[in-house]
2 protein chains.
Amino acid sequence: MKIPSQLAAIPLFEGLSEENYADLAAIVLDKVFHKGQTIFSEGEEGNGFYVVVAGRLKIFKLSREGKEQILHIFGAGEPFGEVPVFAGQRFPANAEALEDCRVFFFPRAAFVELIKRNPSLALNMLAVLSRRLRQFTLLIEDLSLKEVPGRLAAYLLYLSHQQAGSDEVELDIPKNLLASLLGTIPETLSRILARMIRQGLIEAEGPRIKIVDRQGLQALAVVGSYRST
Amino acid sequence: MKIPSQLAAIPLFEGLSEENYADLAAIVLDKVFHKGQTIFSEGEEGNGFYVVVAGRLKIFKLSREGKEQILHIFGAGEPFGEVPVFAGQRFPANAEALEDCRVFFFPRAAFVELIKRNPSLALNMLAVLSRRLRQFTLLIEDLSLKEVPGRLAAYLLYLSHQQAGSDEVELDIPKNLLASLLGTIPETLSRILARMIRQGLIEAEGPRIKIVDRQGLQALAVVGSYRST
DNA sequence: AAATCGCCTTGACTTAGGTCAAAAAGCCTT
DNA sequence: AAGGCTTTTTGACCTAAGTCAAGGCGATTT
């Protein structure tokens, strides 16, 4: 597929002219990462940012003892690694492919030039960063002010919302990743799922989870977190 | 003092022309908030953003049970409340004056117009948001991957760094606020300070803290967090 | 000087959730 | 079908940090 038409499918580049797409196509690099491969590491210098074309990847922090906190899981169309482009210097976290991935890479200098010339691109990028800030705000709230069952309940409701409001949701990531995304460890997640089943809040069978008591989950989650962003 | 000259002192507006300052001066509103007053609340619609002119304020989240997590403490020259300007709609957190404050308010529509016309303003704003993202990343890391003593150690080292590397640092906020900033409660903070004294890491007398064993603190903090941003 | 209010500390207690270890399920691959 | 993975679950145990309650310590007001 031709690159310009793929660029048009990226929300960040919405509203740009044909000429802009040509400019972008001229600076973009097309990269592939295999499952498990590191895309970049915390502390590394970043001289450009990325957009996911296909596949999924995680952005995460690692503690000295090896515990992992996932900040985001990104899929097709989502930009990542933008912080060093504008705040100078280094990546604040790590990125690793969860599946085989194809990504576009936009080198910093050329992209900044483009932004200078293109107010709507600048505004789109401001929107992306602002949404991320809002998202982080929710994650911080979760980590600091809620307990694990509350975060899990919020996540299940969010999934249900994503999946057309169905009561039968399917986890789109393995449970060990989910644990890391919720700021806990697999053992704890497992126990809490078991407890929720015992309490009649949900039923589960592998990655398929049935929401039995929506009210109950909402009470745990205090509704509102994990909005669609 | 004339407003345009005060605008020039705000890093966000660095590098703008005289004409730009005039434009900004034309749209800015000058507001005052007294200590303890709410500047905005989570969920409220935001149709503009702010810059602190004088005084300090906190940006924070509140749990249902009343526990508070401070996200930022801002002082003179720092912009805040920008998220709703670019990501549409509502404030993701609360803002309250810690002291009597004077702030500038820039209405959204006019400001967005200005940004469209002014690439360097756009880039400055992108830098501000990116730095914030990096900061949040550190806070998330702290909350999820470090224990309270580690966060406190990091904070003390950060303070020392701020205060010209001196071994005698002075807390610039009361301890109950510090607790909330570190994601804990005053009792726990108090106990951990006591323990650090017992272990010979620090000495303390009210808000004056003397770093006795810098190495030891660094080991706790795993160095690197709470950078000057 | 007494009273009051906000801030800080300390003690006794409880608990969410982490660690370690082992077993059980699911899977791919050969 | 049989290993050899990884993922998930379970159990026993431990500990960081929160809750509740009581004082202490200043600073400011009356």
# chains A, B, ... in the order shown; residues from 1 in each chain; ligands from 1
>>> interface_residues(of="chain D", to="chain B", cutoff="9 Å", atoms="only C-alpha atoms (C1' of nucleotides)", output="ChimeraX atom specification")
/D:16-18
>>> write_last_selection(atoms="N, CA, C and O atoms (P, O5', C5', C4', C3', O3' and C1' of nucleotides)", output="compact mmCIF listing (two decimals), in the first residue's frame")
# COMPACT_ATOMS: atom_id res chain seq x y z
P DA D 16 8.38 -3.62 55.43
O5' DA D 16 7.81 -2.51 54.46
C5' DA D 16 7.36 -2.87 53.16
C4' DA D 16 6.12 -2.09 52.81
C3' DA D 16 6.13 -0.64 53.24
O3' DA D 16 5.58 0.11 52.17
C1' DA D 16 4.29 -1.73 54.26
P DA D 17 5.54 1.70 52.22
O5' DA D 17 4.08 1.97 52.80
C5' DA D 17 2.98 1.44 52.09
C4' DA D 17 1.73 1.61 52.93
C3' DA D 17 1.58 2.98 53.60
O3' DA D 17 0.24 3.35 53.52
C1' DA D 17 1.29 1.33 55.16
P DG D 18 -0.24 4.81 53.24
O5' DG D 18 -1.75 4.73 53.74
C5' DG D 18 -2.62 3.79 53.12
C4' DG D 18 -3.63 3.26 54.12
C3' DG D 18 -4.30 4.35 54.95
O3' DG D 18 -5.72 4.26 54.89
C1' DG D 18 -3.38 2.68 56.38
>>> closest_atom_pairs(of="chain C", to="range 7-11 of chain D", cutoff="8 Å", atoms="only C-alpha atoms (C1' of nucleotides)", output="Markdown table")
| residue | atom | partner | partner_atom | distance |
| --- | --- | --- | --- | --- |
| C:DA24 | C1' | D:DT9 | C1' | 7.2 |
| C:DA25 | C1' | D:DT8 | C1' | 7.2 |
| C:DG26 | C1' | D:DT7 | C1' | 7.5 |
>>> residues_around(residues="range 100-115 of chain A", least_positions_apart="5", cutoff="9 Å", atoms="only C-alpha atoms (C1' of nucleotides)", output="VMD selection string")
(chain A and resid 20 23 to 24 27 to 37 46 to 57 76 84 to 86 120 to 122 125) or (chain B and resid 119 122 to 123)
>>> write_last_selection(atoms="N, CA, C and O atoms", output="short mmCIF file (atom, residue, chain, number, x, y, z; two decimals), in the first residue's frame")
data_model
loop_
_atom_site.label_atom_id
_atom_site.label_comp_id
_atom_site.auth_asym_id
_atom_site.auth_seq_id
_atom_site.Cartn_x
_atom_site.Cartn_y
_atom_site.Cartn_z
N ASN A 20 0.86 18.16 2.34
CA ASN A 20 1.41 17.78 3.64
C ASN A 20 1.70 16.29 3.71
O ASN A 20 2.72 15.87 4.24
N ASP A 23 4.81 15.65 2.06
CA ASP A 23 5.93 16.05 2.91
C ASP A 23 6.22 14.99 3.96
O ASP A 23 7.36 14.62 4.20
N LEU A 24 5.17 14.54 4.59
CA LEU A 24 5.34 13.51 5.63
C LEU A 24 5.92 12.24 5.01
O LEU A 24 6.86 11.66 5.55
N ILE A 27 9.60 12.20 4.71
CA ILE A 27 10.51 12.09 5.86
C ILE A 27 10.33 10.79 6.64
O ILE A 27 11.14 10.45 7.48
N VAL A 28 9.24 10.08 6.37
CA VAL A 28 8.91 8.92 7.22
C VAL A 28 9.84 7.73 6.96
O VAL A 28 10.32 7.53 5.85
N LEU A 29 10.11 6.98 8.03
CA LEU A 29 10.81 5.71 7.89
C LEU A 29 9.87 4.60 8.32
O LEU A 29 9.16 4.73 9.32
N ASP A 30 9.93 3.53 7.60
CA ASP A 30 9.03 2.41 7.83
C ASP A 30 9.83 1.34 8.58
O ASP A 30 10.85 0.88 8.10
N LYS A 31 9.38 0.96 9.78
CA LYS A 31 10.17 -0.01 10.55
C LYS A 31 9.33 -1.19 11.00
O LYS A 31 8.13 -1.05 11.21
N VAL A 32 9.98 -2.29 11.21
CA VAL A 32 9.28 -3.48 11.68
C VAL A 32 9.96 -3.99 12.95
O VAL A 32 11.18 -3.99 13.05
N PHE A 33 9.15 -4.36 13.92
CA PHE A 33 9.69 -4.95 15.15
C PHE A 33 8.97 -6.26 15.41
O PHE A 33 7.76 -6.36 15.25
N HIS A 34 9.74 -7.25 15.85
CA HIS A 34 9.11 -8.53 16.13
C HIS A 34 8.67 -8.60 17.57
O HIS A 34 9.17 -7.88 18.44
N LYS A 35 7.74 -9.49 17.82
CA LYS A 35 7.21 -9.69 19.16
C LYS A 35 8.34 -9.82 20.18
O LYS A 35 9.28 -10.59 19.98
N GLY A 36 8.23 -9.04 21.23
CA GLY A 36 9.24 -9.12 22.28
C GLY A 36 10.43 -8.19 22.07
O GLY A 36 11.21 -7.96 22.99
N GLN A 37 10.53 -7.62 20.89
CA GLN A 37 11.66 -6.73 20.63
C GLN A 37 11.48 -5.38 21.30
O GLN A 37 10.36 -4.86 21.39
N GLY A 46 15.94 10.34 22.03
CA GLY A 46 14.92 10.14 21.00
C GLY A 46 15.03 11.26 19.98
O GLY A 46 14.84 12.41 20.33
N ASN A 47 15.31 10.92 18.77
CA ASN A 47 15.30 12.00 17.77
C ASN A 47 14.21 11.82 16.74
O ASN A 47 14.42 11.98 15.55
N GLY A 48 13.05 11.50 17.28
CA GLY A 48 11.89 11.37 16.42
C GLY A 48 10.80 10.67 17.19
O GLY A 48 11.01 10.25 18.32
N PHE A 49 9.63 10.57 16.58
CA PHE A 49 8.57 9.83 17.27
C PHE A 49 7.95 8.83 16.31
O PHE A 49 8.29 8.79 15.13
N TYR A 50 7.04 8.02 16.83
CA TYR A 50 6.51 6.89 16.09
C TYR A 50 4.99 6.92 15.97
O TYR A 50 4.31 7.55 16.79
N VAL A 51 4.50 6.19 14.99
CA VAL A 51 3.06 5.91 14.92
C VAL A 51 2.91 4.42 14.62
O VAL A 51 3.61 3.89 13.74
N VAL A 52 2.04 3.75 15.36
CA VAL A 52 1.79 2.34 15.11
C VAL A 52 1.01 2.17 13.81
O VAL A 52 -0.02 2.81 13.63
N VAL A 53 1.50 1.33 12.92
CA VAL A 53 0.75 1.03 11.70
C VAL A 53 -0.02 -0.28 11.90
O VAL A 53 -1.20 -0.37 11.60
N ALA A 54 0.66 -1.28 12.45
CA ALA A 54 0.00 -2.56 12.71
C ALA A 54 0.66 -3.23 13.90
O ALA A 54 1.85 -3.04 14.16
N GLY A 55 -0.13 -4.01 14.63
CA GLY A 55 0.39 -4.69 15.81
C GLY A 55 0.16 -3.87 17.06
O GLY A 55 -0.38 -2.76 17.00
N ARG A 56 0.55 -4.43 18.20
CA ARG A 56 0.40 -3.71 19.46
C ARG A 56 1.71 -3.71 20.24
O ARG A 56 2.53 -4.61 20.09
N LEU A 57 1.87 -2.69 21.06
CA LEU A 57 3.09 -2.60 21.85
C LEU A 57 2.77 -1.99 23.19
O LEU A 57 1.70 -1.42 23.40
N ALA A 76 -2.86 0.18 16.26
CA ALA A 76 -2.82 0.89 14.97
C ALA A 76 -3.34 2.32 15.05
O ALA A 76 -4.40 2.57 15.63
N PRO A 84 10.28 13.18 23.81
CA PRO A 84 11.61 13.72 23.54
C PRO A 84 11.65 14.69 22.36
O PRO A 84 12.56 15.50 22.27
N VAL A 85 10.66 14.62 21.50
CA VAL A 85 10.65 15.53 20.36
C VAL A 85 10.49 16.97 20.83
O VAL A 85 11.13 17.88 20.32
N PHE A 86 9.65 17.17 21.84
CA PHE A 86 9.33 18.53 22.26
C PHE A 86 9.96 18.95 23.57
O PHE A 86 10.15 20.13 23.83
N SER A 120 -2.53 23.30 11.97
CA SER A 120 -3.50 22.27 12.34
C SER A 120 -2.79 21.00 12.80
O SER A 120 -3.28 20.26 13.66
N LEU A 121 -1.61 20.78 12.26
CA LEU A 121 -0.81 19.66 12.75
C LEU A 121 -0.38 19.92 14.20
O LEU A 121 -0.43 19.03 15.07
N ALA A 122 0.00 21.16 14.47
CA ALA A 122 0.39 21.53 15.84
C ALA A 122 -0.77 21.32 16.80
O ALA A 122 -0.61 20.74 17.88
N MET A 125 -1.38 17.69 17.49
CA MET A 125 -0.38 17.14 18.41
C MET A 125 -0.66 17.62 19.83
O MET A 125 -0.53 16.85 20.79
N PRO B 119 3.85 29.72 15.32
CA PRO B 119 4.47 28.40 15.49
C PRO B 119 5.31 28.33 16.76
O PRO B 119 5.32 27.28 17.41
N ALA B 122 3.21 27.62 19.65
CA ALA B 122 2.75 26.23 19.60
C ALA B 122 3.83 25.30 20.11
O ALA B 122 3.58 24.41 20.93
N LEU B 123 5.04 25.51 19.66
CA LEU B 123 6.14 24.64 20.09
C LEU B 123 6.41 24.79 21.58
O LEU B 123 6.69 23.80 22.27
#
>>> interface_residues(of="chain B", to="chain A", cutoff="9 Å", atoms="only C-alpha atoms", output="number ranges by chain")
B: 61-65, 67-69, 71, 82-88, 91-93, 112, 115-120, 122-141, 143-146, 183-184, 222
>>> interface_residues(of="chain C", to="chain A", cutoff="9 Å", atoms="only C-alpha atoms (C1' of nucleotides)", output="compact mmCIF listing (two decimals) with all heavy atoms, in the first residue's frame")
# COMPACT_ATOMS: atom_id res chain seq x y z
P DA C 16 -8.47 -5.55 53.24
OP1 DA C 16 -9.71 -4.83 53.51
OP2 DA C 16 -8.44 -7.01 53.14
O5' DA C 16 -7.82 -4.93 51.93
C5' DA C 16 -7.39 -3.58 51.94
C4' DA C 16 -6.09 -3.46 51.17
O4' DA C 16 -5.00 -3.98 51.97
C3' DA C 16 -6.06 -4.21 49.86
O3' DA C 16 -5.45 -3.37 48.90
C2' DA C 16 -5.25 -5.46 50.17
C1' DA C 16 -4.31 -4.99 51.27
N9 DA C 16 -3.96 -5.99 52.28
C8 DA C 16 -4.79 -6.93 52.82
N7 DA C 16 -4.20 -7.68 53.73
C5 DA C 16 -2.91 -7.20 53.79
C6 DA C 16 -1.80 -7.57 54.56
N6 DA C 16 -1.81 -8.55 55.46
N1 DA C 16 -0.65 -6.88 54.37
C2 DA C 16 -0.63 -5.89 53.48
N3 DA C 16 -1.62 -5.44 52.70
C4 DA C 16 -2.74 -6.15 52.90
P DG C 17 -5.35 -3.81 47.40
OP1 DG C 17 -5.28 -2.57 46.61
OP2 DG C 17 -6.39 -4.82 47.13
O5' DG C 17 -3.93 -4.51 47.35
C5' DG C 17 -2.78 -3.77 47.71
C4' DG C 17 -1.61 -4.71 47.87
O4' DG C 17 -1.76 -5.52 49.05
C3' DG C 17 -1.45 -5.71 46.71
O3' DG C 17 -0.08 -5.82 46.44
C2' DG C 17 -1.96 -6.99 47.33
C1' DG C 17 -1.37 -6.82 48.71
N9 DG C 17 -1.80 -7.79 49.69
C8 DG C 17 -3.02 -8.39 49.81
N7 DG C 17 -3.07 -9.26 50.77
C5 DG C 17 -1.80 -9.24 51.33
C6 DG C 17 -1.25 -9.97 52.40
O6 DG C 17 -1.80 -10.82 53.09
N1 DG C 17 0.07 -9.64 52.64
C2 DG C 17 0.78 -8.70 51.92
N2 DG C 17 2.06 -8.50 52.27
N3 DG C 17 0.27 -8.00 50.91
C4 DG C 17 -1.01 -8.33 50.67
P DG C 18 0.47 -5.77 44.95
OP1 DG C 18 0.50 -4.35 44.59
OP2 DG C 18 -0.27 -6.74 44.10
O5' DG C 18 1.96 -6.30 45.13
C5' DG C 18 2.87 -5.54 45.91
C4' DG C 18 3.72 -6.46 46.76
O4' DG C 18 2.86 -7.09 47.74
C3' DG C 18 4.40 -7.59 45.98
O3' DG C 18 5.82 -7.47 46.06
C2' DG C 18 3.94 -8.86 46.64
C1' DG C 18 3.30 -8.43 47.94
N9 DG C 18 2.16 -9.27 48.21
C8 DG C 18 0.91 -9.23 47.63
N7 DG C 18 0.10 -10.14 48.09
C5 DG C 18 0.86 -10.83 49.03
C6 DG C 18 0.52 -11.93 49.86
O6 DG C 18 -0.55 -12.53 49.92
N1 DG C 18 1.58 -12.31 50.67
C2 DG C 18 2.81 -11.72 50.67
N2 DG C 18 3.71 -12.22 51.51
N3 DG C 18 3.14 -10.68 49.92
C4 DG C 18 2.13 -10.29 49.12
>>> select_by_dssp(residues="range 36-214 of chain A", states="helix (DSSP H, G or I)", output="PyMOL selection string")
chain A and resi 83-87+108-117+119-145+148-162+175-181+186-198+214
